[in-house]
Amino acid sequence: MPLALLARAALSSTSSSIAMATTRSSSSRVLRASRAELNPGAKEVKRESSVSFDLTKTEAVASMRSKNVKRVLEVTGENIKKEVDIVPDIEDFRYGKASPSLVRLEKKVRVSSAIKVGAPENWEAILKGIKNMRLSGEAPVDTKGCEKAGSLLPPKERRFAVLISTMMSSQTKDEVTHAAVERLSEKGLLDPDAIVRTDEATLANLIKPVGFYQRKAKFIKEASKICLERFGGDIPDSLNELLALKGVGPKMAHLVMSIAWKNTQGICVDTHVHRISNRLGWVFREGTKQKTTTPEQTRMSLEKWLPKDEWEPINPLLVGFGQTICTPLRPKCDMCGINNICPSAFKESSSPNPKQKKMRFAVLMAINIADLL
């Protein structure tokens with residue numbers, strides 16, 4: 001090839017290389033310019049061919065962290081003070097620090113002893129509906145309940161009659177208990193001194209067919225003796241002293257305090273109140289959404305949200321409702337005035353199988369026997 005052509009080709013190649021380099025340089029400048037426009041505060045950093053790690057940087061980080069802002073968060077059951085958190089540096093997580101580098105949190109927690117539990121949905125409408133259904137007063141508890149015992153006697157004698165009636169009421173229908181109280185009254189045995197002087201067998205025959213009548217006759221004699229020796233023939237006026245009497249459980253103690261002393265310190269929960277409260281979805285085992293399994297669990301759950309002015313009337317209200325409509329077996333949901341808001345309406349079998357009957361009976365027996373021990 002002639003030398004002129006070779007020179008021309010070399011010149012052309014050199015021009016193309018220069019043009020490409022120029023283009024790349026321009027593109028790089030455009031890219032840097034656009035980045036600068038997007039982030040005016042950003043600074044261009046010149047890359048070095050080698051990088052050295054300065055171990056003293058950890059000391060600088062530690063120094064920065066020592067200047068963290070301290071903040072105190074006080075938490076109480078009624079008052080909570082909140083402050084806006086500063087966004088933590090990602091390096092805090094990288095170094096495995098438990099608290100952010102910019103904020104160190106110190107908590108002083110004061111927990112209130114009073115635990116407030118939210119009331120169940122529609123409970124006021126349900127309670128009002130039950131009260132409307134109970135206006136007739138046709139349930140056995142309305143005329144023959146423990147609160148009717150010795151109603152014509154002087155206050156001191158009436159209190160003793162209420163205690164004896166309550167002790168006989170466990171695992172016994174109101175009609176049977178009421179009849180036993182009437183027989184004792186006819187024999188002049190609604191008096192602690194007279195009961196102490198009566199032999200146990202005679203007393204047992206008089207209160208029969210009350211459930212566990214022989215055991216209850218023994219407990220009634222022992223309680224009568226204590227009332228004579230320690231309380232001058234009256235009955236104990238505190239929950240602890242009532243619970244110290246053999247045959248008196250929590251349900252009975254709360255009922256006696258409410259009726260005899262007009263001092264309601266807790267809700268009296270029997271099998272009716274226990275069953276109906278669970279059917280209505282009013283009670284749960286502590287810390288769960290499961291039904292309560294004992295009357296005592298039901299009492300504690302109810303007392304956390306039910307207004308105190310409802311504690312005394314809730315027992316006869318639900319007992320009568322359970323005796324007439326919300327019965328243990330085959331509840332009469334079709335006759336119930338709250339079947340549109342009751343969570344258990346029409347859900348229970350109308351004819352439970354024998355195994356279910358035996359299980360329910362065993363549970364009721366265990367609960368009532370526990371009261372007698």
# chains A, B, ... in the order shown; residues from 1 in each chain; ligands from 1
$ closest_atom_pairs --of "range 188-257 of chain A" --to "range 266-277 of chain A" --cutoff "6 Å" --atoms "only C-alpha atoms" --output "Markdown table"
| residue | atom | partner | partner_atom | distance |
| --- | --- | --- | --- | --- |
| A:Lys251 | CA | A:Cys268 | CA | 4.8 |
| A:His254 | CA | A:Cys268 | CA | 5.3 |
| A:Leu255 | CA | A:Cys268 | CA | 5.5 |
$ select_by_dssp --residues "range 106-231 of chain A" --states "strand (DSSP E or B)" --output "list of chain:residue names"
A:Glu106, A:Lys107, A:Lys108, A:Val109
$ write_last_selection --atoms "C-alpha atoms" --output "CSV table (one decimal), in the first residue's frame"
chain,number,residue,atom,x,y,z
A,106,GLU,CA,-33.9,4.5,80.4
A,107,LYS,CA,-37.3,3.2,81.6
A,108,LYS,CA,-38.8,3.7,85.0
A,109,VAL,CA,-42.0,1.6,85.1
$ atom_distance --atom1 "CA of Lys218 in chain A" --atom2 "CA of Ala204 in chain A"
8.1 Å
$ residues_around --residues "range 184-186 of chain A" --least-positions-apart "3" --cutoff "9 Å" --atoms "only C-alpha atoms" --output "tab-separated table (two decimals) with all heavy atoms, in the first residue's frame"
chain	number	residue	atom	x	y	z
A	150	GLY	N	-85.78	-16.62	107.50
A	150	GLY	CA	-85.94	-15.83	108.72
A	150	GLY	C	-86.31	-14.39	108.47
A	150	GLY	O	-85.93	-13.51	109.26
A	161	ALA	N	-80.18	-17.37	110.58
A	161	ALA	CA	-81.01	-18.16	109.67
A	161	ALA	C	-80.47	-18.12	108.25
A	161	ALA	O	-80.47	-19.12	107.53
A	161	ALA	CB	-82.46	-17.65	109.71
A	179	ALA	N	-87.75	-25.53	102.45
A	179	ALA	CA	-88.56	-26.45	103.26
A	179	ALA	C	-87.78	-26.90	104.51
A	179	ALA	O	-88.36	-27.02	105.61
A	179	ALA	CB	-88.98	-27.65	102.43
A	180	ALA	N	-86.47	-27.13	104.36
A	180	ALA	CA	-85.65	-27.54	105.50
A	180	ALA	C	-85.56	-26.42	106.54
A	180	ALA	O	-85.61	-26.67	107.75
A	180	ALA	CB	-84.25	-27.95	105.02
A	181	VAL	N	-85.42	-25.18	106.07
A	181	VAL	CA	-85.38	-24.05	106.99
A	181	VAL	C	-86.70	-23.94	107.75
A	181	VAL	O	-86.72	-23.66	108.97
A	181	VAL	CB	-85.10	-22.73	106.21
A	181	VAL	CG1	-85.26	-21.52	107.13
A	181	VAL	CG2	-83.69	-22.75	105.62
A	189	LEU	N	-85.23	-24.45	116.02
A	189	LEU	CA	-83.80	-24.72	115.82
A	189	LEU	C	-83.11	-23.70	114.91
A	189	LEU	O	-82.02	-23.98	114.39
A	189	LEU	CB	-83.61	-26.13	115.26
A	189	LEU	CG	-83.99	-27.27	116.23
A	189	LEU	CD1	-83.84	-28.61	115.54
A	189	LEU	CD2	-83.13	-27.21	117.48
A	190	LEU	N	-83.69	-22.53	114.73
A	190	LEU	CA	-82.98	-21.47	114.03
A	190	LEU	C	-82.30	-20.59	115.08
A	190	LEU	O	-82.39	-19.36	115.09
A	190	LEU	CB	-83.94	-20.63	113.17
A	190	LEU	CG	-84.37	-21.28	111.86
A	190	LEU	CD1	-85.28	-20.34	111.06
A	190	LEU	CD2	-83.18	-21.69	111.02
A	191	ASP	N	-81.60	-21.26	115.97
A	191	ASP	CA	-80.94	-20.63	117.10
A	191	ASP	C	-79.68	-21.44	117.40
A	191	ASP	O	-79.75	-22.67	117.52
A	191	ASP	CB	-81.87	-20.62	118.31
A	191	ASP	CG	-81.19	-20.06	119.55
A	191	ASP	OD1	-81.10	-18.83	119.67
A	191	ASP	OD2	-80.72	-20.89	120.37
A	203	LEU	N	-80.76	-33.63	113.84
A	203	LEU	CA	-80.59	-32.48	112.95
A	203	LEU	C	-80.53	-32.94	111.49
A	203	LEU	O	-81.16	-32.32	110.61
A	203	LEU	CB	-79.31	-31.73	113.33
A	203	LEU	CG	-79.08	-30.37	112.69
A	203	LEU	CD1	-80.21	-29.41	113.05
A	203	LEU	CD2	-77.74	-29.80	113.12
A	206	LEU	N	-83.95	-33.81	110.13
A	206	LEU	CA	-84.80	-32.64	109.93
A	206	LEU	C	-84.48	-31.92	108.61
A	206	LEU	O	-85.39	-31.39	107.96
A	206	LEU	CB	-84.65	-31.65	111.09
A	206	LEU	CG	-85.40	-32.00	112.37
A	206	LEU	CD1	-84.99	-31.06	113.50
A	206	LEU	CD2	-86.91	-31.93	112.15
A	207	ILE	N	-83.23	-31.91	108.23
A	207	ILE	CA	-82.87	-31.18	107.00
A	207	ILE	C	-82.88	-32.08	105.77
A	207	ILE	O	-82.78	-31.58	104.64
A	207	ILE	CB	-81.49	-30.49	107.13
A	207	ILE	CG1	-80.38	-31.53	107.22
A	207	ILE	CG2	-81.47	-29.54	108.32
A	207	ILE	CD1	-78.98	-30.91	107.22
$ residues_around --residues "Ser169 in chain A" --least-positions-apart "4" --cutoff "12 Å" --atoms "only C-alpha atoms" --output "PyMOL selection string"
chain A and resi 141+144-147+149+162-165+173-181+207+209-213+216+247-249+251-252+255-256+270-271+368+371-372
$ write_last_selection --atoms "N, CA, C and O atoms" --output "compact mmCIF listing (two decimals), in the first residue's frame"
# COMPACT_ATOMS: atom_id res chain seq x y z
N VAL A 141 -86.06 -18.77 93.19
CA VAL A 141 -85.19 -17.94 94.01
C VAL A 141 -85.91 -16.69 94.51
O VAL A 141 -85.54 -16.13 95.56
N LYS A 144 -88.17 -18.37 97.49
CA LYS A 144 -87.63 -19.40 98.39
C LYS A 144 -86.10 -19.41 98.43
O LYS A 144 -85.49 -20.39 98.83
N GLY A 145 -85.50 -18.31 98.02
CA GLY A 145 -84.04 -18.22 98.06
C GLY A 145 -83.52 -18.01 99.47
O GLY A 145 -84.29 -17.77 100.41
N CYS A 146 -82.20 -18.07 99.63
CA CYS A 146 -81.59 -17.95 100.96
C CYS A 146 -81.90 -16.61 101.63
O CYS A 146 -81.98 -16.53 102.86
N GLU A 147 -82.08 -15.57 100.82
CA GLU A 147 -82.34 -14.25 101.41
C GLU A 147 -83.72 -14.17 102.05
O GLU A 147 -84.02 -13.23 102.81
N ALA A 149 -84.81 -16.51 104.11
CA ALA A 149 -84.76 -17.25 105.38
C ALA A 149 -84.88 -16.29 106.57
O ALA A 149 -84.18 -15.28 106.64
N VAL A 162 -79.99 -16.94 107.84
CA VAL A 162 -79.40 -16.81 106.50
C VAL A 162 -78.16 -17.68 106.38
O VAL A 162 -77.95 -18.36 105.37
N LEU A 163 -77.31 -17.69 107.42
CA LEU A 163 -76.11 -18.53 107.39
C LEU A 163 -76.47 -20.01 107.26
O LEU A 163 -75.90 -20.72 106.43
N ILE A 164 -77.41 -20.48 108.08
CA ILE A 164 -77.80 -21.89 108.05
C ILE A 164 -78.42 -22.25 106.69
O ILE A 164 -78.13 -23.30 106.11
N SER A 165 -79.28 -21.37 106.18
CA SER A 165 -79.90 -21.61 104.88
C SER A 165 -78.85 -21.69 103.78
O SER A 165 -78.90 -22.56 102.90
N LYS A 173 -81.80 -27.65 95.52
CA LYS A 173 -82.73 -26.70 94.93
C LYS A 173 -83.28 -25.76 96.00
O LYS A 173 -83.39 -26.14 97.17
N ASP A 174 -83.64 -24.56 95.57
CA ASP A 174 -84.15 -23.56 96.51
C ASP A 174 -85.38 -24.07 97.26
O ASP A 174 -85.55 -23.79 98.46
N GLU A 175 -86.25 -24.79 96.58
CA GLU A 175 -87.47 -25.29 97.22
C GLU A 175 -87.15 -26.24 98.36
O GLU A 175 -87.78 -26.20 99.44
N VAL A 176 -86.15 -27.10 98.16
CA VAL A 176 -85.77 -28.08 99.18
C VAL A 176 -85.11 -27.38 100.37
O VAL A 176 -85.40 -27.70 101.54
N THR A 177 -84.24 -26.44 100.08
CA THR A 177 -83.57 -25.69 101.16
C THR A 177 -84.60 -24.91 101.99
O THR A 177 -84.54 -24.92 103.23
N HIS A 178 -85.51 -24.27 101.31
CA HIS A 178 -86.53 -23.47 101.99
C HIS A 178 -87.38 -24.35 102.91
O HIS A 178 -87.68 -23.96 104.06
N ALA A 179 -87.75 -25.53 102.45
CA ALA A 179 -88.56 -26.45 103.26
C ALA A 179 -87.78 -26.90 104.51
O ALA A 179 -88.36 -27.02 105.61
N ALA A 180 -86.47 -27.13 104.36
CA ALA A 180 -85.65 -27.54 105.50
C ALA A 180 -85.56 -26.42 106.54
O ALA A 180 -85.61 -26.67 107.75
N VAL A 181 -85.42 -25.18 106.07
CA VAL A 181 -85.38 -24.05 106.99
C VAL A 181 -86.70 -23.94 107.75
O VAL A 181 -86.72 -23.66 108.97
N ILE A 207 -83.23 -31.91 108.23
CA ILE A 207 -82.87 -31.18 107.00
C ILE A 207 -82.88 -32.08 105.77
O ILE A 207 -82.78 -31.58 104.64
N PRO A 209 -84.33 -33.91 102.65
CA PRO A 209 -83.36 -34.46 101.70
C PRO A 209 -82.37 -33.43 101.12
O PRO A 209 -82.00 -33.51 99.95
N VAL A 210 -81.93 -32.47 101.89
CA VAL A 210 -80.89 -31.55 101.43
C VAL A 210 -79.66 -32.36 101.01
O VAL A 210 -79.32 -33.36 101.66
N GLY A 211 -79.02 -31.93 99.94
CA GLY A 211 -77.84 -32.65 99.47
C GLY A 211 -76.76 -32.73 100.53
O GLY A 211 -76.47 -31.74 101.19
N PHE A 212 -76.19 -33.95 100.69
CA PHE A 212 -75.14 -34.18 101.70
C PHE A 212 -75.63 -33.78 103.09
O PHE A 212 -74.90 -33.15 103.87
N TYR A 213 -76.87 -34.12 103.43
CA TYR A 213 -77.49 -33.65 104.66
C TYR A 213 -76.75 -34.10 105.92
O TYR A 213 -76.71 -33.35 106.91
N LYS A 216 -73.66 -31.91 106.20
CA LYS A 216 -74.07 -30.53 106.49
C LYS A 216 -74.58 -30.39 107.93
O LYS A 216 -74.38 -29.34 108.56
N GLY A 247 -67.63 -26.00 105.67
CA GLY A 247 -68.86 -26.06 104.87
C GLY A 247 -69.25 -24.74 104.24
O GLY A 247 -70.28 -24.66 103.57
N VAL A 248 -68.43 -23.69 104.45
CA VAL A 248 -68.71 -22.38 103.87
C VAL A 248 -67.63 -22.06 102.84
O VAL A 248 -66.46 -21.92 103.19
N GLY A 249 -68.04 -21.99 101.57
CA GLY A 249 -67.12 -21.65 100.49
C GLY A 249 -67.25 -20.20 100.09
O GLY A 249 -68.06 -19.45 100.66
N LYS A 251 -68.64 -18.74 97.50
CA LYS A 251 -69.99 -18.35 97.06
C LYS A 251 -70.87 -18.05 98.27
O LYS A 251 -71.55 -17.01 98.33
N MET A 252 -70.86 -18.94 99.26
CA MET A 252 -71.70 -18.77 100.45
C MET A 252 -71.27 -17.56 101.26
O MET A 252 -72.12 -16.79 101.75
N LEU A 255 -72.42 -14.39 99.65
CA LEU A 255 -73.88 -14.27 99.75
C LEU A 255 -74.30 -13.85 101.16
O LEU A 255 -75.15 -12.96 101.33
N VAL A 256 -73.69 -14.45 102.17
CA VAL A 256 -74.02 -14.10 103.55
C VAL A 256 -73.64 -12.66 103.86
O VAL A 256 -74.41 -11.92 104.50
N ASP A 270 -72.79 -18.89 91.81
CA ASP A 270 -73.15 -20.31 91.91
C ASP A 270 -73.13 -20.92 90.51
O ASP A 270 -72.64 -20.31 89.57
N THR A 271 -73.67 -22.12 90.38
CA THR A 271 -73.61 -22.80 89.07
C THR A 271 -74.40 -22.05 87.99
O THR A 271 -74.02 -22.07 86.82
N ASN A 368 -69.33 -28.39 94.09
CA ASN A 368 -70.07 -28.26 95.33
C ASN A 368 -69.43 -29.03 96.47
O ASN A 368 -69.50 -28.63 97.64
N ASP A 371 -66.84 -26.97 98.14
CA ASP A 371 -67.35 -26.00 99.11
C ASP A 371 -67.54 -26.61 100.49
O ASP A 371 -67.52 -25.93 101.50
N LEU A 372 -67.73 -27.95 100.52
CA LEU A 372 -68.01 -28.62 101.78
C LEU A 372 -66.75 -29.06 102.50
O LEU A 372 -66.79 -29.44 103.67
$ closest_residue --among "A:Arg159, A:Lys308, A:Lys187, A:Arg215" --to "Gln265 in chain A" --atoms "only C-alpha atoms"
A:Lys308
$ residues_around --residues "Gly118 in chain A" --least-positions-apart "4" --cutoff "10 Å" --atoms "only C-alpha atoms" --output "list in words"
Lys304, Trp305 and Leu306 of chain A
$ write_last_selection --atoms "all heavy atoms" --output "tab-separated table (two decimals), in the first residue's frame"
chain	number	residue	atom	x	y	z
A	304	LYS	N	-63.84	-7.75	87.47
A	304	LYS	CA	-62.89	-6.86	86.82
A	304	LYS	C	-63.58	-5.80	85.96
A	304	LYS	O	-62.98	-4.78	85.64
A	304	LYS	CB	-61.92	-7.67	85.96
A	304	LYS	CG	-60.91	-8.45	86.78
A	304	LYS	CD	-59.97	-9.24	85.89
A	304	LYS	CE	-58.94	-10.01	86.71
A	304	LYS	NZ	-58.04	-10.81	85.85
A	305	TRP	N	-64.85	-6.04	85.56
A	305	TRP	CA	-65.48	-5.06	84.68
A	305	TRP	C	-66.92	-4.70	85.08
A	305	TRP	O	-67.40	-3.62	84.74
A	305	TRP	CB	-65.48	-5.57	83.24
A	305	TRP	CG	-66.28	-6.83	83.02
A	305	TRP	CD1	-65.81	-8.10	83.04
A	305	TRP	CD2	-67.69	-6.93	82.77
A	305	TRP	NE1	-66.84	-8.99	82.82
A	305	TRP	CE2	-68.00	-8.30	82.64
A	305	TRP	CE3	-68.71	-5.99	82.62
A	305	TRP	CZ2	-69.28	-8.76	82.39
A	305	TRP	CZ3	-70.01	-6.44	82.37
A	305	TRP	CH2	-70.27	-7.82	82.25
A	306	LEU	N	-67.61	-5.60	85.79
A	306	LEU	CA	-69.01	-5.32	86.13
A	306	LEU	C	-69.07	-4.22	87.20
A	306	LEU	O	-68.39	-4.31	88.22
A	306	LEU	CB	-69.69	-6.58	86.67
A	306	LEU	CG	-71.20	-6.48	86.90
A	306	LEU	CD1	-71.94	-6.33	85.58
A	306	LEU	CD2	-71.71	-7.70	87.67
$ residues_around --residues "range 321-331 of chain A" --least-positions-apart "2" --cutoff "6 Å" --atoms "only C-alpha atoms" --output "PDB file with N, CA, C and O atoms, in the first residue's frame"
ATOM      1  N   HIS A 272     -75.496 -21.404  88.371  1.00  0.00           N
ATOM      2  CA  HIS A 272     -76.285 -20.649  87.386  1.00  0.00           C
ATOM      3  C   HIS A 272     -75.504 -19.442  86.861  1.00  0.00           C
ATOM      4  O   HIS A 272     -75.413 -19.216  85.649  1.00  0.00           O
ATOM      5  N   LEU A 318     -79.475 -13.637  87.742  1.00  0.00           N
ATOM      6  CA  LEU A 318     -79.065 -14.715  86.846  1.00  0.00           C
ATOM      7  C   LEU A 318     -79.527 -16.082  87.339  1.00  0.00           C
ATOM      8  O   LEU A 318     -79.771 -16.981  86.525  1.00  0.00           O
ATOM      9  N   VAL A 319     -79.639 -16.243  88.655  1.00  0.00           N
ATOM     10  CA  VAL A 319     -80.144 -17.517  89.177  1.00  0.00           C
ATOM     11  C   VAL A 319     -81.576 -17.747  88.697  1.00  0.00           C
ATOM     12  O   VAL A 319     -81.928 -18.825  88.201  1.00  0.00           O
ATOM     13  N   CYS A 333     -84.071 -21.016  74.274  1.00  0.00           N
ATOM     14  CA  CYS A 333     -83.626 -19.864  73.488  1.00  0.00           C
ATOM     15  C   CYS A 333     -84.769 -19.236  72.692  1.00  0.00           C
ATOM     16  O   CYS A 333     -84.764 -18.022  72.452  1.00  0.00           O
ATOM     17  N   SER A 350     -80.261 -29.622  71.948  1.00  0.00           N
ATOM     18  CA  SER A 350     -81.509 -29.701  72.706  1.00  0.00           C
ATOM     19  C   SER A 350     -81.589 -30.976  73.536  1.00  0.00           C
ATOM     20  O   SER A 350     -82.335 -31.058  74.489  1.00  0.00           O
TER      21      SER A 350
END
$ residues_around --residues "Glu229 in chain A" --least-positions-apart "6" --cutoff "12 Å" --atoms "only C-alpha atoms" --output "VMD selection string"
chain A and resid 192 to 193 196 222 to 223 235 to 236
$ atom_distance --atom1 "CA of Thr198 in chain A" --atom2 "CA of Ala217 in chain A"
10.4 Å
$ closest_residue --among "A:Glu348, A:Asp142, A:Glu121, A:Glu157" --to "Asn315 in chain A" --atoms "only C-alpha atoms"
A:Asp142
$ decode --residues "range 220-310 of chain A" --atoms "C-alpha atoms" --output "JSON list (two decimals), in the first residue's frame"
[["chain", "number", "residue", "atom", "x", "y", "z"],
["A", 220, "ILE", "CA", -74.07, -26.66, 111.08],
["A", 221, "LYS", "CA", -73.50, -27.89, 114.65],
["A", 222, "GLU", "CA", -69.82, -26.85, 114.53],
["A", 223, "ALA", "CA", -70.68, -23.42, 113.10],
["A", 224, "SER", "CA", -73.36, -22.89, 115.76],
["A", 225, "LYS", "CA", -70.84, -23.64, 118.51],
["A", 226, "ILE", "CA", -68.36, -21.12, 117.06],
["A", 227, "CYS", "CA", -71.09, -18.48, 116.77],
["A", 228, "LEU", "CA", -71.92, -18.98, 120.47],
["A", 229, "GLU", "CA", -68.37, -19.04, 121.79],
["A", 230, "ARG", "CA", -66.75, -16.36, 119.65],
["A", 231, "PHE", "CA", -69.53, -14.07, 118.41],
["A", 232, "GLY", "CA", -72.09, -14.04, 121.23],
["A", 233, "GLY", "CA", -74.64, -16.02, 119.23],
["A", 234, "ASP", "CA", -74.27, -13.82, 116.14],
["A", 235, "ILE", "CA", -72.47, -14.78, 112.94],
["A", 236, "PRO", "CA", -69.02, -13.64, 111.71],
["A", 237, "ASP", "CA", -69.05, -10.27, 109.98],
["A", 238, "SER", "CA", -66.01, -10.73, 107.73],
["A", 239, "LEU", "CA", -65.25, -12.88, 104.70],
["A", 240, "ASN", "CA", -62.20, -14.52, 106.26],
["A", 241, "GLU", "CA", -64.06, -15.52, 109.42],
["A", 242, "LEU", "CA", -66.97, -16.89, 107.40],
["A", 243, "LEU", "CA", -64.62, -18.87, 105.17],
["A", 244, "ALA", "CA", -63.00, -20.32, 108.30],
["A", 245, "LEU", "CA", -66.27, -22.14, 109.04],
["A", 246, "LYS", "CA", -66.36, -25.68, 107.68],
["A", 247, "GLY", "CA", -68.86, -26.06, 104.87],
["A", 248, "VAL", "CA", -68.71, -22.38, 103.87],
["A", 249, "GLY", "CA", -67.12, -21.65, 100.49],
["A", 250, "PRO", "CA", -66.53, -18.37, 98.65],
["A", 251, "LYS", "CA", -69.99, -18.35, 97.06],
["A", 252, "MET", "CA", -71.70, -18.77, 100.45],
["A", 253, "ALA", "CA", -69.46, -16.25, 102.22],
["A", 254, "HIS", "CA", -70.15, -13.51, 99.66],
["A", 255, "LEU", "CA", -73.88, -14.27, 99.75],
["A", 256, "VAL", "CA", -74.02, -14.10, 103.55],
["A", 257, "MET", "CA", -72.06, -10.85, 103.63],
["A", 258, "SER", "CA", -74.47, -9.29, 101.11],
["A", 259, "ILE", "CA", -77.73, -10.54, 102.64],
["A", 260, "ALA", "CA", -76.99, -10.67, 106.35],
["A", 261, "TRP", "CA", -74.63, -7.73, 106.76],
["A", 262, "LYS", "CA", -75.54, -5.63, 103.70],
["A", 263, "ASN", "CA", -71.83, -5.50, 102.93],
["A", 264, "THR", "CA", -71.18, -6.64, 99.38],
["A", 265, "GLN", "CA", -67.48, -7.36, 98.96],
["A", 266, "GLY", "CA", -67.71, -9.65, 95.96],
["A", 267, "ILE", "CA", -70.09, -11.38, 93.56],
["A", 268, "CYS", "CA", -71.82, -14.55, 94.70],
["A", 269, "VAL", "CA", -71.28, -17.02, 91.85],
["A", 270, "ASP", "CA", -73.15, -20.31, 91.91],
["A", 271, "THR", "CA", -73.61, -22.80, 89.07],
["A", 272, "HIS", "CA", -76.28, -20.65, 87.39],
["A", 273, "VAL", "CA", -74.18, -17.47, 87.38],
["A", 274, "HIS", "CA", -71.14, -19.48, 86.29],
["A", 275, "ARG", "CA", -72.96, -21.14, 83.38],
["A", 276, "ILE", "CA", -74.82, -18.08, 82.12],
["A", 277, "SER", "CA", -71.79, -15.76, 82.33],
["A", 278, "ASN", "CA", -69.89, -18.17, 80.07],
["A", 279, "ARG", "CA", -72.79, -18.51, 77.65],
["A", 280, "LEU", "CA", -72.97, -14.75, 77.34],
["A", 281, "GLY", "CA", -69.21, -14.47, 76.75],
["A", 282, "TRP", "CA", -68.81, -12.28, 79.83],
["A", 283, "VAL", "CA", -65.93, -14.13, 81.50],
["A", 284, "PHE", "CA", -62.57, -15.62, 80.54],
["A", 285, "ARG", "CA", -59.70, -17.31, 82.28],
["A", 286, "GLU", "CA", -57.01, -14.79, 83.13],
["A", 287, "GLY", "CA", -54.78, -13.94, 80.19],
["A", 288, "THR", "CA", -56.79, -16.05, 77.73],
["A", 289, "LYS", "CA", -59.97, -16.00, 75.68],
["A", 290, "GLN", "CA", -61.06, -19.37, 77.05],
["A", 291, "LYS", "CA", -64.12, -19.96, 79.21],
["A", 292, "THR", "CA", -63.77, -20.10, 82.97],
["A", 293, "THR", "CA", -63.89, -23.57, 84.48],
["A", 294, "THR", "CA", -64.83, -22.80, 88.10],
["A", 295, "PRO", "CA", -67.23, -20.38, 89.81],
["A", 296, "GLU", "CA", -64.28, -18.71, 91.54],
["A", 297, "GLN", "CA", -62.63, -17.95, 88.17],
["A", 298, "THR", "CA", -65.96, -16.56, 86.99],
["A", 299, "ARG", "CA", -66.25, -14.34, 90.07],
["A", 300, "MET", "CA", -62.80, -12.84, 89.59],
["A", 301, "SER", "CA", -63.41, -12.26, 85.88],
["A", 302, "LEU", "CA", -66.81, -10.61, 86.44],
["A", 303, "GLU", "CA", -65.51, -8.33, 89.17],
["A", 304, "LYS", "CA", -62.89, -6.86, 86.82],
["A", 305, "TRP", "CA", -65.48, -5.06, 84.68],
["A", 306, "LEU", "CA", -69.01, -5.32, 86.13],
["A", 307, "PRO", "CA", -69.97, -2.07, 87.96],
["A", 308, "LYS", "CA", -70.02, -2.60, 91.70],
["A", 309, "ASP", "CA", -73.64, -1.51, 92.07],
["A", 310, "GLU", "CA", -74.56, -4.62, 90.06]]
